[in-house]
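Report on the structure given below.
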Amino acid sequence: MSKDEQGNWSKRRSGALDKLAPFDDRNQYEQRLNSLPAEQKELAEESTRFADLCQYFSQQKMDIPPSVVERVGGVSKLPAPDRLRAMKDINRELMEYLNDVGQDPGIRQ
């Protein structure tokens, strides 16, 4: 790859990453979210819920169940209409897992 090609690739890559940068301002995030078409907005909301759940798991020093990790890995390979349903199912499964763990009495004998 020539230096010109490398420079152009780097510019394209950084442009794409700029779109993924986190928002420091919640209002800015909401404005961007509301500007999306309905289907994309719903997927973005579910993806945000998933990110929030992952952050919670990390803060609690908990592992995400391997079955969920595997399913998340396959979401990008799904047709666009199926991604929303998959993310909703994944988020529901994580919430149920947290509920089950919260009811665990701790030590079992």
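As shown in the structure tokens, the chain order sets the letters A, B, ...; within each chain, residues go from 1, and ligands are also counted from 1 in the order they appear.
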If we count only C-alpha atoms, what is near Gly102 (chain A) at a cut-off of 12 Å, once residues fewer than 6 positions away on the same chain are taken out, given as a PDB file with N, CA, C and O atoms, in the first residue's frame?
ATOM      1  N   GLN A  60     -19.633  -4.552  38.365  1.00  0.00           N
ATOM      2  CA  GLN A  60     -19.893  -5.554  39.394  1.00  0.00           C
ATOM      3  C   GLN A  60     -18.886  -6.711  39.337  1.00  0.00           C
ATOM      4  O   GLN A  60     -18.994  -7.659  40.106  1.00  0.00           O
ATOM      5  N   MET A  95     -31.035  -9.378  31.601  1.00  0.00           N
ATOM      6  CA  MET A  95     -31.825  -8.911  32.745  1.00  0.00           C
ATOM      7  C   MET A  95     -32.323 -10.093  33.574  1.00  0.00           C
ATOM      8  O   MET A  95     -32.306 -10.046  34.809  1.00  0.00           O
ATOM      9  N   GLU A  96     -32.760 -11.153  32.916  1.00  0.00           N
ATOM     10  CA  GLU A  96     -33.213 -12.350  33.634  1.00  0.00           C
ATOM     11  C   GLU A  96     -32.046 -12.979  34.393  1.00  0.00           C
ATOM     12  O   GLU A  96     -32.211 -13.423  35.534  1.00  0.00           O
TER      13      GLU A  96
END
- Query: Quick one: residues within 12 Å of region 40-56 of chain A, only C-alpha atoms counted, chain neighbours fewer than 5 positions away excluded, as a PyMOL selection string?
  - Reply: chain A and resi 20+22-23+29-35+61-65+68-69+72+75-76+80-98
- Which parts of region 12-108 of chain A does DSSP call helix (DSSP H, G or I) when run on the backbone here, written out as JSON, numbers by chain? {"A": [12, 13, 14, 15, 16, 17, 18, 19, 20, 26, 27, 28, 29, 30, 31, 32, 33, 34, 38, 39, 40, 41, 42, 43, 44, 45, 46, 47, 48, 49, 50, 51, 52, 53, 54, 55, 56, 57, 58, 59, 66, 67, 68, 69, 70, 71, 72, 73, 74, 75, 80, 81, 82, 83, 84, 85, 86, 87, 88, 89, 90, 91, 92, 93, 94, 95, 96, 97, 98, 99, 100, 101, 102]}
